[in-house]
>>> print(open('protein-v1.cif').read())   # mmCIF, C-alpha atoms and all ligand atoms
data_structure
loop_
_atom_site.label_atom_id
_atom_site.label_comp_id
_atom_site.auth_asym_id
_atom_site.auth_seq_id
_atom_site.Cartn_x
_atom_site.Cartn_y
_atom_site.Cartn_z
CA MET N 26 110.90 104.07 114.61
CA LYS N 27 113.63 104.90 117.07
CA LYS N 28 114.02 101.37 118.28
CA ALA N 29 111.96 98.66 116.68
CA PHE N 30 112.05 96.25 119.57
CA PRO N 31 113.71 96.15 122.99
CA ASN N 32 115.20 92.77 122.29
CA ALA N 33 116.68 93.76 118.95
CA ALA N 34 120.14 92.83 120.18
CA ALA N 35 118.87 89.44 121.22
CA VAL N 36 117.16 88.97 117.83
CA LEU N 37 120.44 89.82 116.11
CA ALA N 38 122.29 87.40 118.34
CA ALA N 39 119.74 84.70 117.52
CA LEU N 40 120.14 85.28 113.81
CA LEU N 41 123.91 85.17 114.09
CA LEU N 42 123.61 82.00 116.11
CA CYS N 43 121.30 80.43 113.50
CA GLY N 44 123.79 81.43 110.81
CA ALA N 45 126.61 79.88 112.80
CA THR N 46 124.54 76.74 113.28
CA ALA N 47 123.80 76.52 109.57
CA TRP N 48 127.47 77.03 108.85
CA ALA N 49 128.42 74.37 111.40
CA GLN N 50 125.96 71.96 109.77
CA THR N 51 127.56 72.44 106.37
CA ALA N 52 131.06 71.86 107.81
CA PRO N 53 132.76 68.54 106.98
CA ALA N 54 131.21 65.55 108.72
CA ALA N 55 134.45 64.65 110.44
CA GLU N 56 134.41 67.89 112.47
CA SER N 57 130.89 67.49 113.96
CA ALA N 58 130.24 64.38 115.93
CA PRO N 59 126.70 63.00 115.43
CA ALA N 60 124.48 63.94 118.32
CA PRO N 61 123.24 61.08 120.45
CA ALA N 62 119.51 60.31 120.22
CA MET N 63 117.73 61.98 123.13
CA PRO N 64 114.29 60.77 124.08
CA GLY N 65 111.67 63.51 124.46
CA ILE N 66 113.55 66.12 122.44
CA GLN N 67 111.94 66.62 119.04
CA SER N 68 114.54 68.76 117.42
CA MET N 69 117.95 69.78 118.58
CA ASN N 70 119.56 73.06 117.98
CA ILE N 71 123.25 72.69 118.63
CA ALA N 72 125.39 70.02 120.16
CA ASP N 73 125.26 71.40 123.68
CA VAL N 74 121.61 70.73 124.55
CA LYS N 75 121.26 69.33 128.01
CA PRO N 76 118.76 66.46 127.91
CA ASP N 77 117.38 67.13 131.35
CA ALA N 78 117.08 70.91 131.09
CA SER N 79 113.34 70.88 130.46
CA THR N 80 112.73 69.08 133.75
CA GLU N 81 114.27 71.90 135.78
CA PRO N 82 111.88 73.74 138.11
CA GLY N 83 110.66 76.98 136.53
CA TYR N 84 111.85 75.90 133.09
CA ALA N 85 108.80 77.36 131.31
CA ALA N 86 109.22 80.72 133.05
CA GLN N 87 112.91 81.13 132.32
CA THR N 88 114.20 84.30 130.74
CA ASN N 89 116.27 84.04 127.63
CA GLY N 90 119.44 84.53 129.71
CA GLU N 91 118.51 81.73 132.12
CA ARG N 92 117.62 79.44 129.23
CA ALA N 93 120.94 80.18 127.53
CA ARG N 94 122.74 78.85 130.61
CA VAL N 95 120.93 75.49 130.61
CA GLN N 96 120.32 75.15 126.88
CA PRO N 97 122.64 77.41 124.93
CA GLY N 98 121.10 78.29 121.59
CA ASN N 99 117.52 77.75 122.75
CA ASN N 100 115.93 81.18 122.31
CA ALA N 101 112.35 80.07 122.90
CA PRO N 102 111.71 82.58 125.75
CA MET N 103 112.74 85.47 123.51
CA TRP N 104 110.55 84.32 120.59
CA ARG N 105 107.67 83.72 122.99
CA GLN N 106 108.03 87.31 124.10
CA VAL N 107 108.21 88.53 120.50
CA GLY N 108 104.97 86.71 119.71
CA SER N 109 103.12 87.82 122.81
CA GLY N 110 102.22 91.26 121.50
CA VAL N 111 104.84 93.02 123.62
CA ALA N 112 105.05 96.75 122.88
CA GLY N 113 108.35 98.32 121.93
CA PHE N 114 109.13 101.97 121.25
CA SER N 115 107.96 103.88 118.24
CA SER N 116 108.33 107.55 117.35
CA LEU N 117 104.99 107.47 115.49
CA PRO N 118 102.23 109.23 117.46
CA LYS N 119 100.05 106.76 119.37
CA SER N 120 96.91 108.57 118.15
CA GLN N 121 97.73 107.74 114.53
CA ALA N 122 99.46 104.41 114.90
CA PRO N 123 98.50 102.92 118.25
CA GLU N 124 100.13 99.59 117.45
CA ALA N 125 103.33 100.75 115.75
CA GLY N 126 105.49 99.44 118.57
CA VAL N 127 104.00 95.94 118.43
CA LEU N 128 105.65 93.82 115.77
CA ILE N 129 103.67 90.62 116.24
CA GLN N 130 100.15 90.39 117.65
CA PRO N 131 99.52 88.24 120.71
CA PHE N 132 98.08 84.72 120.59
CA VAL N 133 94.34 84.28 120.02
CA GLN N 134 92.01 81.60 118.78
CA TYR N 135 89.49 82.79 116.21
CA PRO N 136 86.59 80.43 115.43
CA GLY N 137 88.09 77.69 113.28
CA SER N 138 91.75 78.58 113.87
CA ARG N 139 94.41 77.12 116.14
CA VAL N 140 95.72 79.09 119.12
CA THR N 141 98.38 81.16 117.42
CA ASN N 142 99.42 84.73 116.65
CA ALA N 143 96.35 86.72 115.59
CA GLY N 144 97.66 87.37 112.08
CA GLU N 145 98.20 83.68 111.49
CA ALA N 146 94.86 82.81 113.15
CA TRP N 147 93.08 85.22 110.82
CA ARG N 148 94.90 83.70 107.83
CA GLN N 149 93.78 80.22 108.87
CA VAL N 150 90.12 81.27 109.19
CA ARG N 151 90.25 82.97 105.80
CA ASN N 152 92.11 80.28 103.90
CA ASN N 153 90.72 77.18 105.58
CA TRP N 154 87.10 78.22 106.04
CA ILE N 155 85.85 81.40 104.42
CA ILE N 156 87.42 80.93 101.00
CA PRO N 157 86.75 77.19 100.43
CA TYR N 158 83.36 76.94 102.16
CA GLY N 159 82.14 80.41 101.14
CA GLY N 160 83.13 79.77 97.52
CA SER N 161 81.48 76.34 97.58
CA LEU N 162 78.28 77.78 99.02
CA LEU N 163 78.09 80.40 96.27
CA LEU N 164 78.55 77.71 93.62
CA ILE N 165 76.02 75.39 95.28
CA VAL N 166 73.37 78.14 95.36
CA LEU N 167 74.09 79.04 91.73
CA VAL N 168 73.73 75.41 90.65
CA ALA N 169 70.60 74.97 92.82
CA ILE N 170 68.98 77.96 91.12
CA GLY N 171 69.93 76.54 87.72
CA VAL N 172 68.46 73.13 88.61
CA PHE N 173 65.30 74.78 89.99
CA HIS N 174 64.84 76.72 86.78
CA TRP N 175 65.50 73.64 84.67
CA ARG N 176 63.23 71.23 86.57
CA ILE N 177 60.49 73.50 87.94
CA GLY N 178 60.75 76.58 85.77
CA PRO N 179 59.48 80.14 86.20
CA MET N 180 56.29 81.11 88.01
CA VAL N 181 53.69 82.24 85.54
CA ALA N 182 50.51 84.13 86.34
CA HIS N 183 47.48 81.83 86.23
CA GLU N 184 45.20 84.78 85.61
CA VAL N 185 44.16 86.39 82.38
CA TYR N 186 45.99 89.62 81.59
CA THR N 187 43.40 92.35 81.09
CA GLY N 188 45.70 94.98 79.64
CA ARG N 189 44.82 97.28 82.55
CA LYS N 190 47.82 98.32 84.60
CA VAL N 191 48.25 98.87 88.32
CA GLU N 192 51.10 100.83 89.85
CA ARG N 193 53.49 98.49 91.67
CA PHE N 194 56.47 100.78 92.34
CA THR N 195 56.67 104.58 92.34
CA PRO N 196 59.58 106.28 90.51
CA PHE N 197 61.14 107.02 93.91
CA GLU N 198 60.96 103.35 94.95
CA ARG N 199 62.45 102.26 91.65
CA SER N 200 65.29 104.79 91.81
CA ALA N 201 66.16 103.66 95.34
CA HIS N 202 65.98 100.00 94.31
CA TRP N 203 68.10 100.34 91.18
CA THR N 204 70.72 102.57 92.81
CA ASN N 205 71.06 99.97 95.50
CA ALA N 206 71.03 97.09 93.03
CA ILE N 207 73.75 98.66 90.86
CA ALA N 208 75.95 99.42 93.87
CA PHE N 209 75.36 95.89 95.15
CA SER N 210 76.30 94.35 91.80
CA ILE N 211 79.59 96.31 91.70
CA LEU N 212 80.34 95.28 95.27
CA ALA N 213 79.46 91.63 94.70
CA ILE N 214 81.48 91.30 91.49
CA SER N 215 84.52 93.14 92.84
CA GLY N 216 84.30 91.26 96.15
CA ILE N 217 84.15 87.89 94.39
CA VAL N 218 87.16 88.81 92.22
CA MET N 219 89.15 89.94 95.27
CA ALA N 220 88.33 86.83 97.28
CA PHE N 221 88.19 84.11 94.64
CA GLY N 222 89.68 85.63 91.48
CA GLN N 223 93.07 84.03 92.02
CA PHE N 224 91.47 80.63 91.50
CA PHE N 225 89.54 81.24 88.28
CA LEU N 226 90.74 84.53 86.73
CA GLU N 227 94.44 84.57 87.45
CA PRO N 228 95.11 81.33 85.56
CA MET N 229 93.35 82.85 82.52
CA LEU N 230 94.65 86.44 82.70
CA GLY N 231 98.10 85.95 84.17
CA LYS N 232 99.43 87.64 87.29
CA THR N 233 99.98 91.13 85.82
CA LEU N 234 96.57 91.60 84.22
CA PHE N 235 94.82 90.01 87.16
CA GLY N 236 96.75 92.31 89.50
CA TRP N 237 95.56 95.38 87.62
CA LEU N 238 92.00 94.11 87.47
CA ALA N 239 91.92 93.36 91.20
CA TYR N 240 93.43 96.78 91.93
CA ALA N 241 90.82 98.55 89.77
CA LEU N 242 87.97 96.57 91.30
CA LYS N 243 89.24 97.20 94.82
CA ASN N 244 88.90 100.92 94.14
CA ALA N 245 85.46 100.41 92.59
CA HIS N 246 84.52 98.45 95.74
CA ASN N 247 85.56 101.34 97.97
CA PHE N 248 83.49 103.86 96.01
CA ALA N 249 80.42 101.65 95.56
CA GLY N 250 80.39 100.89 99.32
CA PRO N 251 79.20 104.30 100.53
CA LEU N 252 76.66 104.46 97.65
CA PHE N 253 75.33 101.08 98.73
CA ALA N 254 75.22 102.21 102.37
CA VAL N 255 73.11 105.29 101.64
CA SER N 256 70.79 103.58 99.14
CA LEU N 257 70.39 100.61 101.49
CA LEU N 258 69.03 102.91 104.19
CA VAL N 259 66.59 104.42 101.70
CA VAL N 260 65.50 100.93 100.55
CA ILE N 261 65.08 99.77 104.15
CA ILE N 262 62.88 102.73 105.04
CA THR N 263 60.94 102.71 101.75
CA PHE N 264 59.98 99.04 101.79
CA MET N 265 59.71 98.43 105.53
CA ARG N 266 55.98 98.99 105.98
CA ASP N 267 54.90 96.48 103.35
CA ASN N 268 57.39 93.90 104.63
CA LEU N 269 56.01 93.86 108.19
CA PRO N 270 54.50 90.50 109.15
CA ALA N 271 50.89 90.30 108.03
CA LYS N 272 47.90 88.02 107.70
CA GLY N 273 48.61 85.20 105.27
CA ASP N 274 52.40 85.06 105.83
CA LEU N 275 52.19 82.02 108.09
CA GLU N 276 50.10 80.10 105.58
CA TRP N 277 52.51 81.17 102.85
CA PHE N 278 55.45 79.68 104.77
CA LEU N 279 53.61 76.53 105.84
CA LYS N 280 52.70 75.80 102.23
CA GLY N 281 56.08 76.83 100.83
CA GLY N 282 54.53 79.69 98.90
CA GLY N 283 52.33 77.18 97.06
CA LEU N 284 55.25 75.41 95.43
CA ILE N 285 54.03 72.02 96.62
CA GLU N 286 50.41 72.46 95.55
CA GLY N 287 51.36 74.26 92.37
CA LYS N 288 49.07 77.17 93.24
CA GLU N 289 50.37 80.41 94.69
CA ILE N 290 49.28 81.27 98.20
CA LYS N 291 47.56 84.63 98.52
CA SER N 292 49.85 87.39 99.74
CA GLY N 293 49.88 91.11 100.32
CA ARG N 294 52.11 93.50 98.39
CA PHE N 295 55.14 91.33 99.24
CA ASN N 296 54.98 87.60 99.91
CA GLY N 297 56.73 85.57 102.63
CA GLY N 298 59.78 84.90 100.46
CA GLU N 299 60.21 88.59 99.73
CA LYS N 300 59.87 89.38 103.42
CA VAL N 301 62.64 86.90 104.25
CA THR N 302 64.84 88.59 101.63
CA TYR N 303 63.98 91.98 103.09
CA TRP N 304 64.59 91.18 106.78
CA GLY N 305 67.36 88.62 106.36
CA GLY N 306 69.20 89.91 103.31
CA VAL N 307 68.53 93.64 103.17
CA PHE N 308 68.06 94.52 106.82
CA VAL N 309 70.29 92.17 108.85
CA LEU N 310 73.03 91.09 106.41
CA GLY N 311 72.92 94.41 104.51
CA LEU N 312 73.45 96.45 107.66
CA ILE N 313 76.22 94.12 108.90
CA ALA N 314 77.93 94.40 105.50
CA VAL N 315 77.65 98.19 105.57
CA LEU N 316 78.87 98.63 109.14
CA THR N 317 81.85 96.28 108.75
CA GLY N 318 82.62 97.77 105.31
CA LEU N 319 82.63 101.34 106.64
CA PHE N 320 84.82 100.15 109.50
CA LEU N 321 87.29 98.52 107.09
CA ASN N 322 87.43 101.79 105.14
CA HIS N 323 88.17 103.68 108.38
CA LEU N 324 85.00 105.69 107.88
CA LEU N 325 83.51 105.19 111.34
CA PRO N 326 84.96 107.90 113.58
CA VAL N 327 84.64 106.27 116.98
CA PHE N 328 86.60 103.05 116.65
CA ASP N 329 90.07 101.79 117.36
CA TYR N 330 91.42 100.54 114.04
CA SER N 331 93.72 97.94 115.55
CA ARG N 332 94.78 94.88 113.57
CA ALA N 333 92.66 92.64 115.80
CA ASN N 334 89.53 94.72 115.16
CA MET N 335 90.25 94.81 111.43
CA GLN N 336 90.66 91.02 111.36
CA VAL N 337 87.35 90.47 113.13
CA ALA N 338 85.62 93.02 110.88
CA LEU N 339 87.00 91.37 107.76
CA MET N 340 85.84 87.91 108.83
CA VAL N 341 82.34 89.16 109.68
CA HIS N 342 82.24 91.21 106.43
CA ALA N 343 83.17 88.18 104.33
CA VAL N 344 80.72 85.80 106.02
CA SER N 345 77.79 88.23 105.91
CA ASN N 346 78.50 89.05 102.28
CA VAL N 347 78.64 85.44 101.17
CA GLY N 348 75.22 85.01 102.85
CA MET N 349 73.93 88.17 101.25
CA ILE N 350 75.14 87.26 97.76
CA CYS N 351 73.47 83.84 98.14
CA MET N 352 70.18 85.49 99.11
CA PHE N 353 70.37 88.04 96.33
CA MET N 354 71.19 85.43 93.71
CA GLY N 355 67.79 83.99 94.65
CA HIS N 356 66.21 87.46 94.60
CA ILE N 357 67.69 88.36 91.22
CA TYR N 358 66.54 85.03 89.81
CA MET N 359 62.98 85.53 91.13
CA GLY N 360 62.96 89.13 89.88
CA THR N 361 64.03 88.19 86.35
CA LEU N 362 63.76 84.63 84.98
CA GLY N 363 61.94 83.15 87.99
CA THR N 364 58.69 85.16 87.88
CA LYS N 365 57.37 86.11 84.51
CA ASP N 366 56.84 89.90 84.21
CA ALA N 367 58.09 90.76 87.73
CA TYR N 368 61.04 92.60 86.18
CA GLU N 369 58.59 94.65 84.10
CA GLY N 370 57.07 95.94 87.35
CA MET N 371 60.40 97.15 88.71
CA ARG N 372 61.44 98.56 85.32
CA THR N 373 58.27 100.51 84.41
CA GLY N 374 56.56 100.73 87.78
CA TYR N 375 53.40 99.04 86.46
CA VAL N 376 52.11 95.47 86.27
CA ASP N 377 49.07 93.99 84.63
CA GLU N 378 45.99 93.56 86.78
CA GLY N 379 46.14 89.84 86.02
CA TRP N 380 49.74 89.65 87.31
CA ALA N 381 48.79 91.50 90.50
CA LYS N 382 45.84 89.16 91.14
CA ALA N 383 47.89 86.04 90.42
CA HIS N 384 50.92 86.86 92.57
CA HIS N 385 49.72 89.28 95.25
CA GLU N 386 45.98 88.78 95.51
CA LEU N 387 45.47 90.36 98.94
CA TRP N 388 47.29 93.48 97.75
CA TYR N 389 45.20 93.56 94.60
CA ASP N 390 41.99 93.18 96.66
CA ASP N 391 43.05 96.13 98.81
CA ILE N 392 43.57 98.25 95.72
CA LYS N 393 40.21 97.26 94.28
CA ALA N 394 38.51 98.02 97.58
CA GLY N 395 40.21 101.43 97.70
CA ARG N 396 42.16 100.62 100.88
CA ILE N 397 45.40 101.29 98.97
CA PRO N 398 45.51 104.10 96.41
CA ALA N 399 45.80 102.67 92.92
CA GLN N 400 48.11 105.50 91.97
CA ARG N 401 50.62 106.68 94.57
CA ALA N 402 53.17 108.49 92.40
CA ASN N 403 52.44 112.02 91.39
CA VAL N 404 52.55 111.39 87.64
CA ALA N 405 49.94 110.70 85.02
CA PRO N 406 49.79 106.91 85.17
CA ALA N 407 48.81 106.44 81.56
CA ALA N 408 51.77 108.54 80.47
CA ALA N 409 54.10 106.60 82.73
CA ALA N 410 52.91 103.18 81.71
CA GLY N 411 51.91 103.95 78.18
CA LYS N 412 48.69 102.05 78.82
CA PRO N 413 45.23 103.01 80.10
CA VAL N 414 44.79 102.41 83.80
CA GLN N 415 41.50 101.17 85.17
CA VAL N 416 41.44 99.23 88.36
C1 LIG U 501 70.87 93.32 91.05
C2 LIG U 501 69.79 92.90 90.52
C3 LIG U 501 68.38 93.00 91.07
C4 LIG U 501 67.28 92.74 90.34
C5 LIG U 501 67.21 92.29 88.90
C6 LIG U 501 66.14 92.96 91.20
C7 LIG U 501 64.83 92.83 90.81
C8 LIG U 501 63.73 93.10 91.59
C9 LIG U 501 62.37 93.02 91.16
C10 LIG U 501 61.90 92.64 89.79
C11 LIG U 501 61.58 93.34 92.22
C12 LIG U 501 60.05 93.39 92.24
C13 LIG U 501 59.48 92.14 92.83
C14 LIG U 501 57.99 92.25 93.00
O1 LIG U 501 57.35 92.94 92.22
O2 LIG U 501 57.45 91.67 93.94
C15 LIG U 501 62.45 93.64 93.31
C16 LIG U 501 62.02 94.01 94.57
C17 LIG U 501 62.86 94.36 95.61
N1 LIG U 501 64.23 94.36 95.60
FE1 LIG U 501 65.40 93.84 94.01
N2 LIG U 501 66.59 93.34 92.44
C18 LIG U 501 67.97 93.38 92.41
C19 LIG U 501 68.79 93.71 93.46
C20 LIG U 501 68.37 94.11 94.70
C21 LIG U 501 69.22 94.48 95.79
C22 LIG U 501 70.74 94.47 95.74
C23 LIG U 501 68.43 94.81 96.84
C24 LIG U 501 68.81 95.25 98.24
C25 LIG U 501 69.95 95.07 98.84
C26 LIG U 501 67.08 94.64 96.43
C27 LIG U 501 65.99 94.88 97.23
C28 LIG U 501 64.67 94.75 96.83
C29 LIG U 501 63.53 94.99 97.68
C30 LIG U 501 63.60 95.45 99.15
C31 LIG U 501 62.41 94.75 96.90
C32 LIG U 501 60.93 94.86 97.35
C33 LIG U 501 60.45 93.48 97.67
C34 LIG U 501 60.92 93.03 99.02
O3 LIG U 501 60.79 93.77 99.97
O4 LIG U 501 61.49 91.92 99.08
N3 LIG U 501 67.07 94.23 95.13
N4 LIG U 501 63.75 93.48 92.91
#
>>> encode(input="protein-v1.cif", output="structure tokens", more="lines below")
Ligand code: HEM
Amino acid sequence: MKKAFPNAAAVLAALLLCGATAWAQTAPAAESAPAPAMPGIQSMNIADVKPDASTEPGYAAQTNGERARVQPGNNAPMWRQVGSGVAGFSSLPKSQAPEAGVLIQPFVQYPGSRVTNAGEAWRQVRNNWIIPYGGSLLLIVLVAIGVFHWRIGPMVAHEVYTGRKVERFTPFERSAHWTNAIAFSILAISGIVMAFGQFFLEPMLGKTLFGWLAYALKNAHNFAGPLFAVSLLVVIITFMRDNLPAKGDLEWFLKGGGLIEGKEIKSGRFNGGEKVTYWGGVFVLGLIAVLTGLFLNHLLPVFDYSRANMQVALMVHAVSNVGMICMFMGHIYMGTLGTKDAYEGMRTGYVDEGWAKAHHELWYDDIKAGRIPAQRANVAPAAAAGKPVQV
């Protein structure tokens, strides 16, 4: 930088003045007469403040020079200018560092912040809202899942297992799903450590170890991001057709999936709950997370990577990801402990006929009627499942 700020001389003068003031305040009491109480003035700078200066016409629009004449030592106009996002001179090329000449961003009000400099506004949103409420929401969902499992327990198939297997997921679908799931898990764990680790890990590990861990996970986050982005697109395309709204979805929602009656409502290949996860978690929140994440990594070529845009992207990224992690905690629960043998289907690609009939009866009917091929993958089903297949 050639010259950091046009008012650098004024800043220096202000600092010197503050130093002189501090020195004056530490001088013996006998030398500084106590200032008289002045109504309306909250804090006084130096002895020479004129009590009526703020009532002068044009007071608010004064330059620093004008203010110095009526209130010596009051540098408010200069600091207002510093905090207004005024651009100074910088030798860095504008194309690479468009904001290099701006020391302090202008005033804004982000949702949940006061009207203040953008950096401080962003800090307020993060520290007063995203971290406490986002963290609480994650814990609440975790506890809710635990209570659900404890009081209601897993869904079991109320149909007899026949030993005959039907293909639920092709190898391609499973590869896409697991690539995405692994990338998601790395992102979720590293994201949680970066956002909340200082509250639960740092006290246990100490600052140095926690610092190294956060640094390592930040790098893991950056590498898992693009993997998640690509696999998310594949997952979206692969599972879209069977997640489109279909007959039976409305009844499924109205009856809460059968939770109230204790009998599962008939559904196609994916039920209403899975469709909500797909459209809400995978499609909407997943795409928002990917777009804001790529933006934060400077991987989108067309944008202006200003501080303001980065702040907005970071807030949206954090909020969408808290929502997404909440949804996927539910999904992971339902795919493992919450539905007996569902995990088997995603692991091997095959489920028992009885499982298919119990949980996705309309899909099973379609297979039996030949409307959906029983075997979609191009492999010998018996070899893949290790069991004879007769549907
Ligand atoms: C990390 C641990 C995960 C586990 C253990 C898991 C488990 C499962 C299981 C068992 C199924 C089959 C359910 C059924 O047969 O109906 C499934 C389906 C599915 N999973 Fe996951 N999953 C995980 C993460 C993810 C992630 C991160 C995504 C996407 C961002 C995802 C997207 C899907 C989709 C799209 C389906 C098809 C059903 C639907 O459309 O809702 N999964 N998962």
>>> residues_near_ligand(input="protein-v1.cif", ligand="ligand LIG 501 (chain U)", cutoff="6 Å", atoms="only C-alpha atoms and all ligand atoms", output="compact mmCIF listing (two decimals) with C-alpha atoms, keeping the file's coordinate frame")
# COMPACT_ATOMS: atom_id res chain seq x y z
CA HIS N 202 65.98 100.00 94.31
CA ASN N 205 71.06 99.97 95.50
CA ALA N 206 71.03 97.09 93.03
CA PHE N 209 75.36 95.89 95.15
CA SER N 210 76.30 94.35 91.80
CA VAL N 260 65.50 100.93 100.55
CA PHE N 264 59.98 99.04 101.79
CA ASN N 268 57.39 93.90 104.63
CA PHE N 295 55.14 91.33 99.24
CA GLU N 299 60.21 88.59 99.73
CA LYS N 300 59.87 89.38 103.42
CA THR N 302 64.84 88.59 101.63
CA TYR N 303 63.98 91.98 103.09
CA VAL N 307 68.53 93.64 103.17
CA ILE N 357 67.69 88.36 91.22
CA GLY N 360 62.96 89.13 89.88
CA THR N 361 64.03 88.19 86.35
CA ALA N 367 58.09 90.76 87.73
CA TYR N 368 61.04 92.60 86.18
CA GLY N 370 57.07 95.94 87.35
CA MET N 371 60.40 97.15 88.71
>>> closest_atom_pairs(input="protein-v1.cif", of="region 200-314 of chain N", to="region 324-342 of chain N", cutoff="10 Å", atoms="all atoms listed in the file", output="JSON lines")
{"residue": "N:Pro251", "atom": "CA", "partner": "N:Leu324", "partner_atom": "CA", "distance": 9.5}
{"residue": "N:Leu310", "atom": "CA", "partner": "N:His342", "partner_atom": "CA", "distance": 9.2}
{"residue": "N:Ile313", "atom": "CA", "partner": "N:His342", "partner_atom": "CA", "distance": 7.1}
{"residue": "N:Ala314", "atom": "CA", "partner": "N:His342", "partner_atom": "CA", "distance": 5.4}
>>> write_last_selection(input="protein-v1.cif", atoms="C-alpha atoms", output="PDB file, keeping the file's coordinate frame")
ATOM      1  CA  PRO N 251      79.200 104.300 100.530  1.00  0.00           C
ATOM      2  CA  LEU N 310      73.030  91.090 106.410  1.00  0.00           C
ATOM      3  CA  ILE N 313      76.220  94.120 108.900  1.00  0.00           C
ATOM      4  CA  ALA N 314      77.930  94.400 105.500  1.00  0.00           C
TER       5      ALA N 314
END
>>> residues_around(input="protein-v1.cif", residues="Arg294 (chain N)", least_positions_apart="5", cutoff="12 Å", atoms="only C-alpha atoms", output="JSON, numbers by chain")
{"N": [192, 193, 194, 264, 265, 266, 267, 268, 269, 270, 271, 272, 273, 274, 299, 300, 380, 381, 382, 383, 384, 385, 386, 387, 388, 389, 390, 391, 392, 397]}
>>> closest_residue(input="protein-v1.cif", among="N:Ala343, N:Gly395, N:Val301, N:Val309", to="Val150 (chain N)", atoms="only C-alpha atoms")
N:Ala343
>>> residues_around(input="protein-v1.cif", residues="Glu227 (chain N)", least_positions_apart="6", cutoff="10 Å", atoms="all atoms listed in the file", output="JSON, numbers by chain")
{"N": [218, 221, 233, 234, 235, 236, 238, 239]}
>>> write_last_selection(input="protein-v1.cif", atoms="C-alpha atoms", output="PDB file, keeping the file's coordinate frame")
ATOM      1  CA  VAL N 218      87.160  88.810  92.220  1.00  0.00           C
ATOM      2  CA  PHE N 221      88.190  84.110  94.640  1.00  0.00           C
ATOM      3  CA  THR N 233      99.980  91.130  85.820  1.00  0.00           C
ATOM      4  CA  LEU N 234      96.570  91.600  84.220  1.00  0.00           C
ATOM      5  CA  PHE N 235      94.820  90.010  87.160  1.00  0.00           C
ATOM      6  CA  GLY N 236      96.750  92.310  89.500  1.00  0.00           C
ATOM      7  CA  LEU N 238      92.000  94.110  87.470  1.00  0.00           C
ATOM      8  CA  ALA N 239      91.920  93.360  91.200  1.00  0.00           C
TER       9      ALA N 239
END
>>> atom_distance(input="protein-v1.cif", atom1="CA of Gly126 (chain N)", atom2="CA of Gly90 (chain N)")
23.3 Å
>>> closest_residue(input="protein-v1.cif", among="N:Ile156, N:Val133, N:Val347, N:Leu257", to="Gly108 (chain N)", atoms="all atoms listed in the file")
N:Val133
>>> closest_residue(input="protein-v1.cif", among="N:Thr204, N:Lys280, N:Ala146, N:Arg372", to="Val259 (chain N)", atoms="all atoms listed in the file")
N:Thr204
>>> closest_residue(input="protein-v1.cif", among="N:Asn152, N:Thr373, N:Ser79, N:Thr141", to="Arg105 (chain N)", atoms="all atoms listed in the file")
N:Thr141
>>> closest_residue(input="protein-v1.cif", among="N:Ala93, N:Arg401, N:Gly250, N:Gly231", to="Leu321 (chain N)", atoms="only C-alpha atoms")
N:Gly250
>>> atom_distance(input="protein-v1.cif", atom1="CA of Ile155 (chain N)", atom2="CA of Gly348 (chain N)")
11.3 Å
>>> atom_distance(input="protein-v1.cif", atom1="CA of Arg199 (chain N)", atom2="CA of Phe353 (chain N)")
16.9 Å
>>> residues_near_point(input="protein-v1.cif", point="(50.7, 77.7, 92.1)", cutoff="12 Å", atoms="all atoms listed in the file", output="VMD selection string")
chain N and resid 177 to 184 277 280 to 291 364 383 to 384
>>> write_last_selection(input="protein-v1.cif", atoms="C-alpha atoms", output="PDB file, keeping the file's coordinate frame")
ATOM      1  CA  ILE N 177      60.490  73.500  87.940  1.00  0.00           C
ATOM      2  CA  GLY N 178      60.750  76.580  85.770  1.00  0.00           C
ATOM      3  CA  PRO N 179      59.480  80.140  86.200  1.00  0.00           C
ATOM      4  CA  MET N 180      56.290  81.110  88.010  1.00  0.00           C
ATOM      5  CA  VAL N 181      53.690  82.240  85.540  1.00  0.00           C
ATOM      6  CA  ALA N 182      50.510  84.130  86.340  1.00  0.00           C
ATOM      7  CA  HIS N 183      47.480  81.830  86.230  1.00  0.00           C
ATOM      8  CA  GLU N 184      45.200  84.780  85.610  1.00  0.00           C
ATOM      9  CA  TRP N 277      52.510  81.170 102.850  1.00  0.00           C
ATOM     10  CA  LYS N 280      52.700  75.800 102.230  1.00  0.00           C
ATOM     11  CA  GLY N 281      56.080  76.830 100.830  1.00  0.00           C
ATOM     12  CA  GLY N 282      54.530  79.690  98.900  1.00  0.00           C
ATOM     13  CA  GLY N 283      52.330  77.180  97.060  1.00  0.00           C
ATOM     14  CA  LEU N 284      55.250  75.410  95.430  1.00  0.00           C
ATOM     15  CA  ILE N 285      54.030  72.020  96.620  1.00  0.00           C
ATOM     16  CA  GLU N 286      50.410  72.460  95.550  1.00  0.00           C
ATOM     17  CA  GLY N 287      51.360  74.260  92.370  1.00  0.00           C
ATOM     18  CA  LYS N 288      49.070  77.170  93.240  1.00  0.00           C
ATOM     19  CA  GLU N 289      50.370  80.410  94.690  1.00  0.00           C
ATOM     20  CA  ILE N 290      49.280  81.270  98.200  1.00  0.00           C
ATOM     21  CA  LYS N 291      47.560  84.630  98.520  1.00  0.00           C
ATOM     22  CA  THR N 364      58.690  85.160  87.880  1.00  0.00           C
ATOM     23  CA  ALA N 383      47.890  86.040  90.420  1.00  0.00           C
ATOM     24  CA  HIS N 384      50.920  86.860  92.570  1.00  0.00           C
TER      25      HIS N 384
END
